$ cat model_11.txt   # compact mmCIF, C-alpha atoms and all ligand atoms
# COMPACT_ATOMS: atom_id res chain seq x y z
CA MET K 368 -3.92 -5.30 -23.57
CA GLU K 369 -1.81 -4.66 -26.57
CA LYS K 370 1.28 -5.95 -28.32
CA ILE K 371 4.74 -4.76 -27.35
CA ALA K 372 7.04 -4.71 -30.39
CA LEU K 373 10.06 -5.77 -28.34
CA LEU K 374 8.28 -8.87 -27.05
CA GLU K 375 6.60 -10.05 -30.22
CA ASN K 376 7.60 -13.63 -31.01
CA ARG K 377 10.32 -13.61 -28.37
CA ARG K 378 10.62 -16.91 -26.53
CA ILE K 379 10.44 -16.53 -22.81
CA LEU K 380 10.99 -19.45 -20.55
CA LEU K 381 9.10 -18.70 -17.36
CA GLY K 382 10.24 -20.85 -14.45
CA VAL K 383 7.90 -20.92 -11.47
CA SER K 384 9.13 -22.26 -8.16
CA GLY K 385 7.07 -22.95 -5.06
CA GLY K 386 5.98 -19.82 -3.22
CA ILE K 387 2.67 -18.06 -2.70
CA ALA K 388 3.85 -15.24 -4.98
CA ALA K 389 3.27 -17.74 -7.84
CA TYR K 390 -0.30 -16.46 -8.01
CA LYS K 391 0.98 -13.07 -9.17
CA VAL K 392 3.09 -14.71 -11.85
CA CYS K 393 -0.17 -15.72 -13.55
CA THR K 394 -0.71 -12.03 -14.28
CA LEU K 395 2.82 -11.78 -15.63
CA ALA K 396 2.36 -14.83 -17.88
CA SER K 397 -0.86 -13.38 -19.23
CA ARG K 398 0.67 -9.96 -19.81
CA LEU K 399 3.63 -11.48 -21.68
CA ALA K 400 1.41 -13.66 -23.85
CA GLN K 401 -0.86 -10.73 -24.72
CA ALA K 402 2.18 -8.61 -25.57
CA GLY K 403 3.04 -11.20 -28.23
CA ALA K 404 5.71 -13.29 -26.52
CA GLN K 405 5.81 -17.06 -26.70
CA VAL K 406 5.75 -18.09 -23.07
CA ASP K 407 6.78 -21.58 -22.01
CA VAL K 408 6.08 -22.18 -18.35
CA VAL K 409 8.11 -24.68 -16.36
CA MET K 410 6.93 -25.38 -12.83
CA THR K 411 8.56 -27.13 -9.94
CA GLU K 412 6.50 -29.71 -8.08
CA ALA K 413 6.10 -27.29 -5.16
CA ALA K 414 4.84 -24.56 -7.50
CA THR K 415 1.99 -26.80 -8.65
CA ARG K 416 0.75 -26.82 -5.03
CA PHE K 417 0.09 -23.10 -5.27
CA VAL K 418 -1.16 -22.71 -8.85
CA THR K 419 -2.18 -25.41 -11.29
CA PRO K 420 -0.39 -26.01 -14.59
CA LEU K 421 -3.79 -25.61 -16.23
CA THR K 422 -3.89 -21.98 -15.08
CA PHE K 423 -0.66 -21.17 -16.90
CA GLN K 424 -1.62 -23.30 -19.87
CA SER K 425 -4.85 -21.35 -20.23
CA LEU K 426 -3.09 -18.00 -19.94
CA THR K 427 -0.23 -18.75 -22.34
CA GLY K 428 -2.02 -21.05 -24.77
CA ARG K 429 0.97 -23.37 -24.61
CA PRO K 430 1.84 -26.62 -22.84
CA VAL K 431 3.21 -26.29 -19.32
CA TYR K 432 6.14 -28.43 -18.26
CA THR K 433 6.38 -29.88 -14.78
CA THR K 434 8.62 -32.91 -14.97
CA MET K 435 11.53 -34.41 -16.83
CA TRP K 436 9.85 -37.80 -16.81
CA GLY K 437 6.93 -39.30 -18.68
CA ALA K 438 3.85 -37.79 -20.31
CA LEU K 439 5.92 -35.27 -22.20
CA ASP K 440 5.20 -36.62 -25.68
CA ALA K 441 1.65 -35.46 -25.33
CA ALA K 442 2.73 -32.11 -24.03
CA LEU K 443 5.14 -31.57 -26.90
CA GLY K 444 2.47 -32.08 -29.52
CA GLU K 445 2.32 -34.33 -32.55
CA ASP K 446 4.89 -32.57 -34.66
CA ALA K 447 7.46 -32.44 -31.90
CA VAL K 448 10.91 -33.40 -33.01
CA LEU K 449 12.42 -33.64 -29.56
CA PRO K 450 12.75 -36.96 -27.81
CA THR K 451 11.40 -36.52 -24.30
CA HIS K 452 14.69 -36.95 -22.52
CA VAL K 453 16.17 -33.84 -24.11
CA VAL K 454 13.18 -31.64 -23.56
CA HIS K 455 15.14 -29.41 -21.24
CA VAL K 456 17.90 -28.89 -23.77
CA GLY K 457 15.41 -28.01 -26.51
CA LEU K 458 13.51 -25.53 -24.36
CA ALA K 459 16.68 -23.96 -23.04
CA GLU K 460 18.27 -23.59 -26.46
CA ALA K 461 15.26 -21.93 -28.01
CA ALA K 462 14.78 -19.35 -25.26
CA ASP K 463 15.65 -15.66 -25.55
CA LEU K 464 15.31 -15.21 -21.81
CA LEU K 465 14.87 -17.36 -18.73
CA VAL K 466 12.81 -15.71 -16.01
CA ILE K 467 12.37 -17.47 -12.68
CA ALA K 468 9.50 -15.99 -10.70
CA PRO K 469 9.07 -16.54 -7.90
CA ALA K 470 12.65 -17.68 -7.33
CA THR K 471 12.60 -19.37 -3.93
CA ALA K 472 15.59 -19.69 -1.60
CA ASN K 473 15.66 -23.41 -2.42
CA THR K 474 15.69 -22.97 -6.20
CA MET K 475 18.34 -20.27 -6.02
CA ALA K 476 20.48 -22.49 -3.79
CA LYS K 477 20.24 -25.25 -6.38
CA LEU K 478 21.13 -22.85 -9.19
CA ALA K 479 24.11 -21.51 -7.29
CA HIS K 480 25.44 -25.03 -6.85
CA GLY K 481 24.58 -26.33 -10.30
CA LEU K 482 22.07 -28.93 -9.17
CA ALA K 483 19.73 -30.27 -11.81
CA ASP K 484 17.23 -32.36 -9.90
CA ASN K 485 14.09 -31.07 -11.58
CA LEU K 486 13.19 -29.78 -15.04
CA LEU K 487 13.55 -26.12 -14.06
CA THR K 488 17.01 -26.42 -12.55
CA ALA K 489 18.13 -28.67 -15.43
CA LEU K 490 16.92 -26.04 -17.88
CA ALA K 491 18.74 -23.30 -16.02
CA LEU K 492 21.97 -25.26 -16.36
CA ALA K 493 21.44 -25.87 -20.06
CA ALA K 494 20.33 -22.32 -20.92
CA ARG K 495 22.75 -19.91 -22.61
CA CYS K 496 20.31 -17.00 -22.70
CA PRO K 497 20.20 -14.26 -20.03
CA THR K 498 18.60 -15.19 -16.72
CA LEU K 499 16.37 -12.95 -14.64
CA LEU K 500 15.68 -14.05 -11.07
CA VAL K 501 12.73 -12.64 -9.17
CA PRO K 502 13.20 -13.71 -5.54
CA ALA K 503 10.32 -14.15 -3.12
CA MET K 504 10.73 -15.52 0.38
CA ASP K 505 10.36 -14.69 4.02
CA VAL K 506 12.47 -11.95 5.54
CA GLU K 507 14.73 -14.30 7.50
CA MET K 508 15.29 -16.63 4.56
CA TRP K 509 16.31 -13.73 2.32
CA ALA K 510 18.60 -12.26 4.99
CA HIS K 511 20.25 -15.62 5.72
CA ALA K 512 23.96 -15.75 4.90
CA ALA K 513 23.43 -18.88 2.76
CA THR K 514 20.88 -17.13 0.55
CA GLN K 515 22.94 -13.95 0.32
CA SER K 516 26.00 -15.91 -0.69
CA ASN K 517 24.02 -17.87 -3.31
CA VAL K 518 22.64 -14.63 -4.72
CA ALA K 519 26.13 -13.12 -4.87
CA THR K 520 27.37 -16.20 -6.76
CA LEU K 521 24.50 -16.04 -9.22
CA ARG K 522 25.01 -12.33 -9.81
CA GLU K 523 28.70 -12.88 -10.38
CA ARG K 524 27.85 -15.40 -13.06
CA GLY K 525 25.72 -12.82 -14.83
CA ALA K 526 22.21 -13.47 -13.53
CA ARG K 527 20.11 -10.34 -13.12
CA LEU K 528 17.83 -9.84 -10.16
CA ALA K 529 14.53 -8.01 -9.91
CA GLY K 530 13.86 -7.20 -6.27
CA PRO K 531 12.99 -8.39 -3.75
CA ALA K 532 10.94 -5.50 -2.43
CA ARG K 533 10.16 -4.53 1.14
CA GLY K 534 6.66 -4.99 2.45
CA ARG K 535 4.23 -7.34 4.12
CA MET K 536 4.76 -11.07 3.67
CA ALA K 537 2.16 -13.82 3.57
CA SER K 538 3.50 -14.84 7.00
CA GLY K 539 2.53 -11.46 8.41
CA LEU K 540 6.15 -10.36 8.76
CA GLU K 541 7.31 -7.05 7.33
CA GLY K 542 10.61 -6.60 5.57
CA GLU K 543 12.65 -7.40 2.50
CA GLY K 544 11.71 -10.54 0.56
CA ARG K 545 8.46 -9.68 -1.21
CA MET K 546 8.33 -10.41 -4.90
CA VAL K 547 8.19 -7.26 -7.02
CA GLU K 548 4.89 -6.66 -8.80
CA PRO K 549 4.21 -8.13 -12.27
CA GLU K 550 4.42 -4.75 -14.04
CA GLU K 551 7.87 -4.19 -12.58
CA ILE K 552 8.99 -7.69 -13.57
CA LEU K 553 7.82 -6.89 -17.08
CA GLY K 554 9.95 -3.74 -16.99
CA HIS K 555 13.03 -5.80 -16.06
CA ILE K 556 12.26 -8.28 -18.84
CA ARG K 557 12.06 -5.41 -21.33
CA LEU K 558 15.33 -4.00 -20.05
CA VAL K 559 17.17 -7.28 -20.57
CA LEU K 560 15.64 -8.01 -23.99
CA GLY K 561 16.20 -4.46 -25.21
CA ARG K 562 19.89 -4.33 -24.41
CA GLU K 563 21.05 -5.20 -27.90
CA GLY K 564 18.60 -2.79 -29.56
CA ALA K 565 19.26 -0.13 -32.18
CA LEU K 566 19.96 2.50 -29.51
CA ALA K 567 22.33 0.40 -27.39
CA GLY K 568 24.99 2.66 -25.91
CA ARG K 569 23.02 5.81 -26.82
CA ARG K 570 21.84 8.42 -24.36
CA VAL K 571 18.30 9.70 -24.67
CA VAL K 572 16.80 12.53 -22.65
CA VAL K 573 13.00 12.57 -22.50
CA THR K 574 10.89 15.29 -20.92
CA ALA K 575 7.37 14.55 -19.75
CA GLY K 576 4.39 15.90 -17.90
CA PRO K 577 3.25 19.39 -17.05
CA THR K 578 5.17 22.11 -15.29
CA ARG K 579 3.79 23.98 -12.32
CA GLU K 580 4.32 27.69 -11.79
CA PRO K 581 3.61 28.75 -8.21
CA ILE K 582 1.57 31.83 -7.31
CA ASP K 583 1.98 31.39 -3.56
CA PRO K 584 2.82 28.39 -1.32
CA VAL K 585 -0.54 26.69 -2.03
CA ARG K 586 -1.54 27.83 -5.53
CA PHE K 587 -0.07 27.26 -8.96
CA VAL K 588 -0.72 27.56 -12.70
CA SER K 589 -0.40 24.30 -14.66
CA ASN K 590 -1.97 22.27 -17.49
CA PRO K 591 -3.69 18.86 -17.77
CA SER K 592 -0.72 16.95 -19.21
CA SER K 593 -0.66 13.45 -17.68
CA GLY K 594 2.92 12.64 -18.69
CA ARG K 595 1.76 9.43 -20.39
CA GLN K 596 3.16 10.18 -23.83
CA GLY K 597 6.55 11.13 -22.42
CA PHE K 598 6.71 8.07 -20.16
CA ALA K 599 5.75 5.87 -23.13
CA LEU K 600 8.61 7.43 -25.12
CA ALA K 601 11.02 6.72 -22.28
CA GLN K 602 9.87 3.07 -22.27
CA ALA K 603 10.21 2.80 -26.05
CA ALA K 604 13.74 4.22 -25.86
CA LEU K 605 14.61 1.68 -23.14
CA ASP K 606 13.17 -1.08 -25.34
CA SER K 607 15.66 0.01 -28.00
CA GLY K 608 18.53 -0.32 -25.56
CA ALA K 609 19.11 3.37 -24.80
CA GLU K 610 20.23 4.87 -21.51
CA VAL K 611 17.32 7.06 -20.60
CA THR K 612 17.04 10.16 -18.44
CA LEU K 613 13.41 11.05 -17.85
CA VAL K 614 12.95 14.64 -16.77
CA THR K 615 9.43 14.93 -15.50
CA GLY K 616 7.07 17.49 -14.09
CA PRO K 617 4.58 16.44 -11.39
CA THR K 618 2.84 13.13 -12.23
CA HIS K 619 2.12 9.92 -10.34
CA LEU K 620 3.20 7.61 -13.15
CA PRO K 621 5.66 4.86 -12.19
CA THR K 622 9.20 5.20 -13.56
CA PRO K 623 9.89 2.78 -16.42
CA VAL K 624 12.40 0.21 -15.13
CA GLY K 625 15.91 1.30 -16.04
CA ALA K 626 15.21 5.00 -16.58
CA GLU K 627 16.85 7.64 -14.44
CA ARG K 628 14.04 9.88 -13.24
CA VAL K 629 14.71 13.53 -12.48
CA GLU K 630 11.74 15.37 -11.01
CA VAL K 631 11.25 19.04 -11.66
CA VAL K 632 8.42 21.43 -10.93
CA THR K 633 8.77 24.66 -12.90
CA ALA K 634 9.69 25.44 -16.51
CA GLN K 635 12.90 27.03 -15.25
CA GLY K 636 13.69 23.86 -13.28
CA MET K 637 13.13 21.71 -16.36
CA HIS K 638 15.23 24.09 -18.46
CA ASP K 639 18.16 23.77 -16.05
CA VAL K 640 18.06 19.96 -15.94
CA VAL K 641 17.63 19.60 -19.71
CA LEU K 642 20.58 21.88 -20.44
CA ALA K 643 22.70 20.02 -17.89
CA THR K 644 21.90 16.59 -19.36
CA THR K 645 21.52 17.01 -23.13
CA GLY K 646 25.15 17.99 -23.79
CA ALA K 647 26.03 14.31 -23.47
CA ALA K 648 22.88 13.04 -25.15
CA ASP K 649 22.35 11.65 -28.64
CA VAL K 650 18.62 12.30 -28.64
CA LEU K 651 16.27 14.77 -26.95
CA LEU K 652 12.56 13.98 -26.95
CA MET K 653 10.80 17.06 -25.67
CA ALA K 654 7.35 15.74 -24.83
CA ALA K 655 6.71 17.86 -21.75
CA ALA K 656 3.89 20.38 -21.80
CA VAL K 657 6.04 23.23 -20.56
CA GLY K 658 4.10 26.18 -19.18
CA ASP K 659 4.69 29.27 -21.30
CA PHE K 660 3.90 31.75 -18.54
CA ARG K 661 4.61 32.07 -14.86
CA PRO K 662 3.54 34.59 -12.24
CA GLU K 663 6.03 37.42 -12.17
CA THR K 664 6.41 37.16 -8.41
CA ILE K 665 5.71 34.33 -6.00
CA ALA K 666 4.10 35.42 -2.74
CA SER K 667 6.01 33.98 0.20
CA GLN K 668 2.82 33.63 2.28
CA LYS K 669 -0.58 32.33 1.25
CA ILE K 670 -2.44 35.23 -0.41
CA LYS K 671 -5.46 36.11 1.75
CA LYS K 672 -8.87 35.91 0.15
CA GLY K 673 -10.22 39.46 0.40
CA GLU K 674 -13.14 41.34 -0.99
CA HIS K 675 -11.39 42.03 -4.27
CA ASP K 676 -10.33 39.94 -7.26
CA LEU K 677 -6.74 38.95 -7.59
CA GLY K 678 -4.67 40.18 -10.51
CA VAL K 679 -1.56 38.14 -11.29
CA ARG K 680 0.88 39.43 -13.86
CA MET K 681 2.27 36.57 -15.93
CA VAL K 682 5.65 36.63 -17.64
CA ARG K 683 7.25 34.25 -20.18
CA THR K 684 9.15 31.17 -19.09
CA PRO K 685 12.35 30.21 -20.92
CA ASP K 686 11.84 28.24 -24.14
CA ILE K 687 13.81 25.07 -23.49
CA LEU K 688 14.14 23.92 -27.09
CA ALA K 689 15.28 27.37 -28.14
CA ALA K 690 17.92 27.29 -25.40
CA VAL K 691 19.12 23.84 -26.54
CA ALA K 692 19.32 25.01 -30.16
CA ALA K 693 21.29 28.11 -29.08
CA ARG K 694 23.72 26.10 -26.92
CA TRP K 695 24.47 23.44 -29.54
CA PRO K 696 23.80 24.99 -32.94
CA ASP K 697 23.40 22.66 -35.94
CA SER K 698 25.61 19.61 -35.73
CA GLY K 699 26.23 19.79 -31.98
CA ARG K 700 24.37 17.83 -29.33
CA PRO K 701 21.88 16.32 -29.22
CA ARG K 702 22.14 14.64 -32.61
CA VAL K 703 18.39 14.29 -32.98
CA THR K 704 15.86 16.62 -31.38
CA VAL K 705 12.16 15.88 -31.43
CA GLY K 706 9.52 18.38 -30.37
CA PHE K 707 5.83 18.05 -29.74
CA ALA K 708 3.15 20.45 -30.81
CA ALA K 709 -0.26 20.59 -29.21
CA GLU K 710 -2.38 22.52 -31.68
CA SER K 711 -6.01 23.52 -31.75
CA GLU K 712 -6.05 24.93 -35.31
CA ASN K 713 -4.07 24.85 -38.57
CA LEU K 714 -2.17 21.85 -37.33
CA PRO K 715 0.26 21.11 -40.19
CA ASP K 716 1.17 24.75 -40.83
CA ASN K 717 1.68 25.63 -37.18
CA ALA K 718 3.64 22.45 -36.55
CA ARG K 719 5.92 23.05 -39.53
CA ALA K 720 6.57 26.61 -38.38
CA LYS K 721 7.63 25.24 -34.96
CA LEU K 722 9.83 22.59 -36.56
CA VAL K 723 11.81 25.31 -38.27
CA ALA K 724 11.74 27.89 -35.46
CA LYS K 725 12.88 25.37 -32.84
CA ASN K 726 15.51 23.75 -35.07
CA LEU K 727 13.97 20.27 -34.75
CA ASP K 728 14.53 17.13 -36.77
CA LEU K 729 11.02 15.88 -36.21
CA ILE K 730 7.85 17.28 -34.71
CA VAL K 731 4.98 15.20 -33.38
CA ALA K 732 1.81 17.23 -33.68
CA ASN K 733 -1.58 16.48 -32.24
CA ASP K 734 -4.93 18.18 -32.31
CA ILE K 735 -5.84 18.87 -28.70
CA THR K 736 -9.47 19.61 -29.58
CA ALA K 737 -10.04 15.88 -30.35
CA ARG K 738 -11.45 14.01 -27.34
CA ASP K 739 -9.66 10.75 -28.00
CA ALA K 740 -6.23 12.30 -28.41
CA GLY K 741 -3.81 14.60 -26.68
CA PHE K 742 -3.43 15.66 -23.08
CA ALA K 743 -5.07 13.33 -20.60
CA ALA K 744 -6.30 10.65 -23.06
CA GLU K 745 -4.94 7.08 -23.23
CA THR K 746 -4.73 7.32 -27.00
CA ASN K 747 -3.25 9.77 -29.42
CA ARG K 748 -3.66 10.68 -33.07
CA VAL K 749 -0.56 12.41 -34.33
CA VAL K 750 1.01 13.81 -37.45
CA LEU K 751 4.77 13.48 -37.90
CA LEU K 752 6.57 16.22 -39.80
CA ASP K 753 10.26 16.17 -40.65
CA ARG K 754 12.79 18.66 -41.97
CA GLN K 755 12.74 17.20 -45.46
CA GLY K 756 9.11 18.21 -45.85
CA GLY K 757 7.72 14.76 -45.02
CA LEU K 758 4.27 14.61 -43.41
CA GLU K 759 2.81 11.39 -42.08
CA ARG K 760 -0.59 11.06 -40.43
CA LEU K 761 -0.73 8.13 -38.02
CA PRO K 762 -4.12 6.63 -37.14
CA LEU K 763 -5.60 6.75 -33.63
CA MET K 764 -3.33 4.54 -31.53
CA SER K 765 -2.19 4.01 -27.96
CA LYS K 766 0.47 6.35 -26.64
CA ALA K 767 2.79 3.33 -26.42
CA ALA K 768 2.32 2.65 -30.13
CA VAL K 769 2.91 6.34 -30.95
CA ALA K 770 6.10 6.14 -28.91
CA GLU K 771 7.30 3.06 -30.81
CA ALA K 772 6.57 4.82 -34.12
CA VAL K 773 8.48 7.94 -33.03
CA LEU K 774 11.46 5.89 -31.87
CA GLU K 775 11.59 4.10 -35.23
CA ARG K 776 11.93 7.51 -36.94
CA VAL K 777 14.53 8.60 -34.39
CA VAL K 778 16.71 5.56 -35.12
CA ALA K 779 16.47 6.27 -38.86
CA LEU K 780 17.31 9.97 -38.37
CA LEU K 781 20.24 9.19 -36.11
CA THR K 782 21.63 6.66 -38.57
CA ALA K 783 21.20 9.05 -41.52
CA LYS K 784 22.87 11.92 -39.66
CA GLU K 785 25.84 9.87 -38.64
CA VAL K 786 26.38 8.59 -42.12
CA ILE K 787 26.33 12.19 -43.32
CA ASP K 788 28.54 13.42 -40.49
CA GLY K 789 30.90 10.55 -41.16
CA ASP K 790 31.16 9.31 -37.58
CA ALA K 791 28.96 6.23 -37.77
O1 LIG L 1 5.71 26.45 -28.98
P1 LIG L 1 5.14 25.28 -28.28
O2 LIG L 1 5.13 25.43 -26.79
O3 LIG L 1 3.80 24.82 -28.77
O4 LIG L 1 6.16 24.11 -28.66
C1 LIG L 1 6.00 22.85 -28.14
C2 LIG L 1 7.34 22.17 -28.03
O5 LIG L 1 8.27 23.05 -27.38
C3 LIG L 1 7.27 20.95 -27.11
O6 LIG L 1 8.21 20.00 -27.57
C4 LIG L 1 7.63 21.52 -25.75
O7 LIG L 1 8.15 20.53 -24.90
C5 LIG L 1 8.66 22.58 -26.11
N1 LIG L 1 8.70 23.73 -25.21
C6 LIG L 1 9.91 24.13 -24.67
N2 LIG L 1 9.97 25.19 -23.81
C7 LIG L 1 8.87 25.91 -23.52
C8 LIG L 1 7.64 25.55 -24.11
C9 LIG L 1 7.59 24.45 -24.94
O8 LIG L 1 10.92 23.49 -24.97
N3 LIG L 1 8.95 26.93 -22.71
$ encode --input "model_11.txt" --output "structure tokens"
Amino acid sequence: MEKIALLENRRILLGVSGGIAAYKVCTLASRLAQAGAQVDVVMTEAATRFVTPLTFQSLTGRPVYTTMWGALDAALGEDAVLPTHVVHVGLAEAADLLVIAPATANTMAKLAHGLADNLLTALALAARCPTLLVPAMDVEMWAHAATQSNVATLRERGARLAGPARGRMASGLEGEGRMVEPEEILGHIRLVLGREGALAGRRVVVTAGPTREPIDPVRFVSNPSSGRQGFALAQAALDSGAEVTLVTGPTHLPTPVGAERVEVVTAQGMHDVVLATTGAADVLLMAAAVGDFRPETIASQKIKKGEHDLGVRMVRTPDILAAVAARWPDSGRPRVTVGFAAESENLPDNARAKLVAKNLDLIVANDITARDAGFAAETNRVVLLDRQGGLERLPLMSKAAVAEAVLERVVALLTAKEVIDGDA
């Protein structure tokens, strides 16, 4: 698992209260630590009945805190400067984010009423950083008026909630109260930590995935785009604090937490949504593999398989980037437009020609003949070309890392443009 720029060296206080969902929080702790965050786990006594402190200590590589009393000198390490009785203040002050997962009905009730009868609740009172609560409890406990009123109080005070989800409980009951999955919790953490990023208050439209052009009700023409690069770009834009609209062709990828997902099928459908949304956008990242051709007519019934071959006349689809450039020429919207070029030959020359023809600020080009890059691969090897003649070859990297690199350039381009336009 790899680093996430947003999380590197961020201090996350992970409070674990006593519910069976605690076992899933081990995955979260591990994921956060691998992403580069410094994770300090604080467990309630009940939580230690479900998972041992040693489990979290092993996953985070850091001491785990379970009590306000005794034995904390050892846990703090030799060079600790904190006297044990103010351990909660020290931990709370240093944190960038307090996440409580699972947050039980009992712990949330204590938080709502300002009780501080264990290290976790004392920390929550002392903390000034944002708080993310991840509730997990039985259906009836979640639905209870006391819990609902506590949650409302906590929300009013600024706490954010992730979930709960609907589903099967450990008790066998079905309903609302299940803790959301670790990947989704991670998405909420990224959303909170990214809020003050370089793109805070900016709108970014990202397109992703393939398009599908129907021949008849059961057949279509498409391409092998997985949508991964586009989804990674949407996540990177969210990490920078942007409001993100993700316009996607058919893919099964989960929506990055915080993005507004708009599903489309055909190139024409994507064209319509992009034109409707980019007028208010600061940035357009056109990562979708838009089909260039569609069948001229769509048969309304399934075409029967006969003796003869089938000839399908294909006609051009609209070029979305060309339509955007025509609608908002030069200094209009979006401020920064990034295109992607999948090339199988003459990569730099072809990409530069597209940069100019499509009126782009940046083009991200990849060689689709390489096995470890492009369409359905997990990794990508891209070349970035800009309008000033700059050409930068990035090494083979994950699509998430490519996305972070592209977003860095986007922030720089946006800043430069606004200084020039004089409306920074
Ligand atoms: O010309 P080519 O299709 O290779 O250009 C690729 C870039 O143009 C990508 O950013 C892609 O999303 C965009 N595109 C488009 N409309 C099309 C085809 C491609 O905006 N019909």
$ residues_around --input "model_11.txt" --residues "K:Pro502" --least-positions-apart "2" --cutoff "9 Å" --atoms "all atoms listed in the file" --output "list in words"
Ile467, Ala468, Pro469, Ala470, Thr471, Ala472, Met475, Leu500, Met504, Trp509, Leu528, Ala529, Gly530, Pro531, Gly544, Arg545, Met546 and Val547 of chain K
$ residues_near_ligand --input "model_11.txt" --ligand "ligand LIG 1 (chain L)" --cutoff "9 Å" --atoms "only C-alpha atoms and all ligand atoms" --output "compact mmCIF listing (two decimals) with C-alpha atoms, in the frame of the given file"
# COMPACT_ATOMS: atom_id res chain seq x y z
CA THR K 574 10.89 15.29 -20.92
CA ALA K 575 7.37 14.55 -19.75
CA ALA K 634 9.69 25.44 -16.51
CA GLN K 635 12.90 27.03 -15.25
CA MET K 637 13.13 21.71 -16.36
CA HIS K 638 15.23 24.09 -18.46
CA LEU K 652 12.56 13.98 -26.95
CA MET K 653 10.80 17.06 -25.67
CA ALA K 654 7.35 15.74 -24.83
CA ALA K 655 6.71 17.86 -21.75
CA ALA K 656 3.89 20.38 -21.80
CA VAL K 657 6.04 23.23 -20.56
CA GLY K 658 4.10 26.18 -19.18
CA ASP K 659 4.69 29.27 -21.30
CA PHE K 660 3.90 31.75 -18.54
CA ARG K 683 7.25 34.25 -20.18
CA THR K 684 9.15 31.17 -19.09
CA PRO K 685 12.35 30.21 -20.92
CA ASP K 686 11.84 28.24 -24.14
CA ILE K 687 13.81 25.07 -23.49
CA LEU K 688 14.14 23.92 -27.09
CA ALA K 689 15.28 27.37 -28.14
CA ALA K 690 17.92 27.29 -25.40
CA VAL K 691 19.12 23.84 -26.54
CA VAL K 705 12.16 15.88 -31.43
CA GLY K 706 9.52 18.38 -30.37
CA PHE K 707 5.83 18.05 -29.74
CA ALA K 708 3.15 20.45 -30.81
CA ALA K 709 -0.26 20.59 -29.21
CA GLU K 710 -2.38 22.52 -31.68
CA ASN K 717 1.68 25.63 -37.18
CA ALA K 718 3.64 22.45 -36.55
CA LYS K 721 7.63 25.24 -34.96
CA LEU K 722 9.83 22.59 -36.56
CA ALA K 724 11.74 27.89 -35.46
CA LYS K 725 12.88 25.37 -32.84
CA ILE K 730 7.85 17.28 -34.71
CA VAL K 731 4.98 15.20 -33.38
CA ALA K 732 1.81 17.23 -33.68
$ closest_residue --input "model_11.txt" --among "K:Asp583, K:Asp463, K:Asp505, K:Asp649" --to "K:Val778" --atoms "all atoms listed in the file"
K:Asp649
$ atom_distance --input "model_11.txt" --atom1 "atom CA of K:Asp716" --atom2 "atom CA of K:Ile735"
15.2 Å
$ closest_residue --input "model_11.txt" --among "K:Thr645, K:Gly673, K:Gly757, K:Arg522" --to "K:Thr704" --atoms "only C-alpha atoms"
K:Thr645
$ atom_distance --input "model_11.txt" --atom1 "atom CA of K:Ala476" --atom2 "atom CA of K:Gln515"
9.8 Å
$ atom_distance --input "model_11.txt" --atom1 "atom CA of K:Ser425" --atom2 "atom CA of K:Leu399"
13.1 Å
$ closest_residue --input "model_11.txt" --among "K:Glu785, K:Glu580, K:Glu541, K:Glu548" --to "K:Ala389" --atoms "all atoms listed in the file"
K:Glu548
$ build_atoms --input "model_11.txt" --residues "stretch 477-484 of chain K" --atoms "N, CA, C and O atoms" --output "tab-separated table (two decimals), keeping the file's coordinate frame"
chain	number	residue	atom	x	y	z
K	477	LYS	N	19.92	-24.22	-5.39
K	477	LYS	CA	20.24	-25.25	-6.38
K	477	LYS	C	20.97	-24.64	-7.57
K	477	LYS	O	21.95	-25.20	-8.07
K	478	LEU	N	20.49	-23.49	-8.03
K	478	LEU	CA	21.13	-22.85	-9.19
K	478	LEU	C	22.57	-22.46	-8.87
K	478	LEU	O	23.47	-22.64	-9.69
K	479	ALA	N	22.77	-21.95	-7.67
K	479	ALA	CA	24.11	-21.51	-7.29
K	479	ALA	C	25.09	-22.67	-7.27
K	479	ALA	O	26.28	-22.51	-7.54
K	480	HIS	N	24.56	-23.86	-6.96
K	480	HIS	CA	25.44	-25.03	-6.85
K	480	HIS	C	25.37	-25.95	-8.06
K	480	HIS	O	25.96	-27.03	-8.06
K	481	GLY	N	24.62	-25.53	-9.07
K	481	GLY	CA	24.58	-26.33	-10.30
K	481	GLY	C	23.81	-27.62	-10.20
K	481	GLY	O	24.05	-28.55	-10.97
K	482	LEU	N	22.89	-27.71	-9.25
K	482	LEU	CA	22.07	-28.93	-9.17
K	482	LEU	C	21.06	-28.94	-10.31
K	482	LEU	O	20.64	-27.88	-10.79
K	483	ALA	N	20.67	-30.14	-10.71
K	483	ALA	CA	19.73	-30.27	-11.81
K	483	ALA	C	18.76	-31.40	-11.50
K	483	ALA	O	18.62	-32.35	-12.23
K	484	ASP	N	18.08	-31.26	-10.35
K	484	ASP	CA	17.23	-32.36	-9.90
K	484	ASP	C	15.76	-32.19	-10.26
K	484	ASP	O	14.92	-32.94	-9.82
